[in-house]
Structure formats: C-alpha cells, structure tokens
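The structure appears below as structure tokens.
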Amino acid sequence: MADERKTAIVTGASRGIGLAIAKKLAKSGYNVAVVDACPLENSENAVSEVKALGVDAKAYQCNVADFAAVEATVKQINEDFGGIYILVNNAGITRDGLLIKMSEENFDAVINVNLKGTFNFIKHVAPIMMKKREGRVVSISSIVGIEGQAGQVNYSASKAGVIGVTKSCAREFASRNITFNAIAPGYVETPMTAVLTDKQKEAIFEMIPLKRYGQPEDIANAVNFLCSEDASYITGQVLSVDGGMHM
C-alpha cells in the first residue's frame, strides 16, 4: 500500500478512463485530487466512489488549457493534501474532421486541452516533486499519436506531442527521481468513443488481435503499474494498451 499521505492528481477524472484511473490509484492507497472542467457537482459521484475505497478525495474544477487556472489549482491541491506524488494527465477532447474542412478553432481547441494542458500541469507540479525528489507522471497519449488517423489531424498531433513532452521531461527530471511515461490506448469503450457508428466500431474491431474492445480499467491498470515501485526503473517510455493494434 502507498503511504496514505501521498496524493495523485488525475485530470479528466469525473468519468470514463479518468474515473477508472482515480479508483485504481485509490485502491493502491493514494489520496486523489479529482480535476475536471465540468462543474464541481458533476464530479461529486466520482469523489464519492473514490472515498468509498478508503482514501481522501476532493474535486477541483479547472480548465487544463488555462495556465493561470492550473497554477492556482495545483497550489490549492498542494495546500489541501500536503504534497503531490503522482500526476496523471488524462483530460482530453476531440474535434474530428478532415484537414481540408477543419477550422482553426477546432485545431486550436484540441491542441490547447490535450497538449498544452499536459504542459500546464507538468509545469506547476514538477517543482513540488523536485523539492521532495520523487514523483510519477503518466500522460495519456493514443495509438493515433503513433500511427496517425485520417480525420484526426488535430488529435493525432496533440497526442504525438504528449509523447514528445514525456520523453523530453524524462531526461530533464531523471536526476530528481521523477519518472515520466505515456500510455497509448487503442479503442476503449468510453463516452468519447460511443459516438462512433456501428460500421466504424466493426472496422476497428477487426484490427484488434485480441478481439475485444478495451475497457477503462485496462488503462487504469497500466497507469497504476507505472506509478508503482515496480516501475521505478522505467522512464521515457510509451506503453501501448491496445489489444495488439499497434505492433
């Protein structure tokens, strides 16, 4: 079990993959700061589910793309919990469309949340981890950040950028005993993927060697491992959790 005083920040934690990660880390003994852009009342169920696992949890409303808002949120979390040991950059959005039809607004929105949001949280959490000379940062990328995907230029670029940030930070902070790793999920059944048509889902299914769709818990298990002592010698890596889609 983790030291009960150690705290994990999970962004986009009110539902889907983020909530599964928050609950898995709670089961490992970490207090959890549930960060989401939605109103605080929308995160109440997530906080209740995490607290039911025997740890402390609190919700924070924050637009991860807002540098100043992230700075204030991280400061408040550090004051509330007395430290931050884990950061999971999970918050993300999609605004899909072919490049020729993609608006500047939709490109910028995805980059700002998915990529700049990752930068913002690392920027403000890293000094806290540096002082204690320990920390785990796991950022959620995507298989499309490795392979690309038609109709997702913005999303692919943002998730490829997350990988670049992860590898660069792994080199910058290794001397302070802070590890940085990324997870690249394949198709995971979440509210974000529920909007796909049956035809699209069938096509994806045929590409998965394990012949099942991923579940949020599959990603949460990988995050939990990378945050554990068992992964203390792993940094700068991208772990594909995709049923074998990317080999």
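Letters A, B, ... mark the chains of the structure tokens in the order given; residue numbers begin at 1 per chain; ligand numbers begin at 1, in order shown.
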message: So that I can check the surroundings of A:Gly16, please list as a ChimeraX atom specification every protein, DNA and RNA residue that reaches within 10 Å of it, counting only C-alpha atoms and ignoring chain neighbours fewer than 5 positions away.
response: /A:21,188-192,215-217
message: Report as a ChimeraX atom specification all protein, DNA and RNA residues lying within 12 Å of A:Val34, evaluated on only C-alpha atoms, omitting residues in the same chain fewer than 5 positions from it.
response: /A:7-15,18-23,25-26,39-51,56-62,73-74,77,87-91
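In this model, the gap between atom CA of A:Leu196 and atom CA of A:Glu104 comes to 23.2 Å.
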Spatial neighbours of stretch 167-170 of chain A, 6 Å, only C-alpha atoms, chain gap at least 6 places, as a PyMOL selection string: chain A and resi 179-180+235-236
message: Set the distance at 12 Å and use only C-alpha atoms: which residues neighbour A:Ser28 once local chain neighbours fewer than 2 positions away are removed? I'd like the list as number ranges by chain.
response: A: 1-4, 6-8, 21-26, 30-32, 50, 53-55, 220-221, 223-225, 227-229
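Residue nearest A:Val35, chosen from A:Leu99, A:Val70, A:Leu226, A:Ala150 and counting only C-alpha atoms: A:Val70.
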- prompt: Would you give me, as a PyMOL selection string, the residues in stretch 149-221 of chain A that DSSP reads as helix (DSSP H, G or I)?
  reply: chain A and resi 153-176+198-206+216-221
task: Extract the full set of strand (DSSP E) residues from stretch 59-209 of chain A according to DSSP on the backbone, and format it as a list in words.
output: Ala59, Tyr60, Gln61, Ile86, Leu87, Val88, Asn89, Gly135, Arg136, Val137, Val138, Ser139, Ile140, Ile178, Thr179, Phe180, Asn181, Ala182, Ile183, Ala184 and Pro185 of chain A
- request: Find, counting only C-alpha atoms, the residue in A:Ile204, A:Met247, A:Val165, A:Ala33 that gets nearest to A:Phe81.
  value: A:Ala33
- request: Kindly indicate which residue among A:Glu79, A:Glu172, A:Asp108, A:Asp198 lies nearest to A:Ile93, using only C-alpha atoms for the distances.
  value: A:Asp108
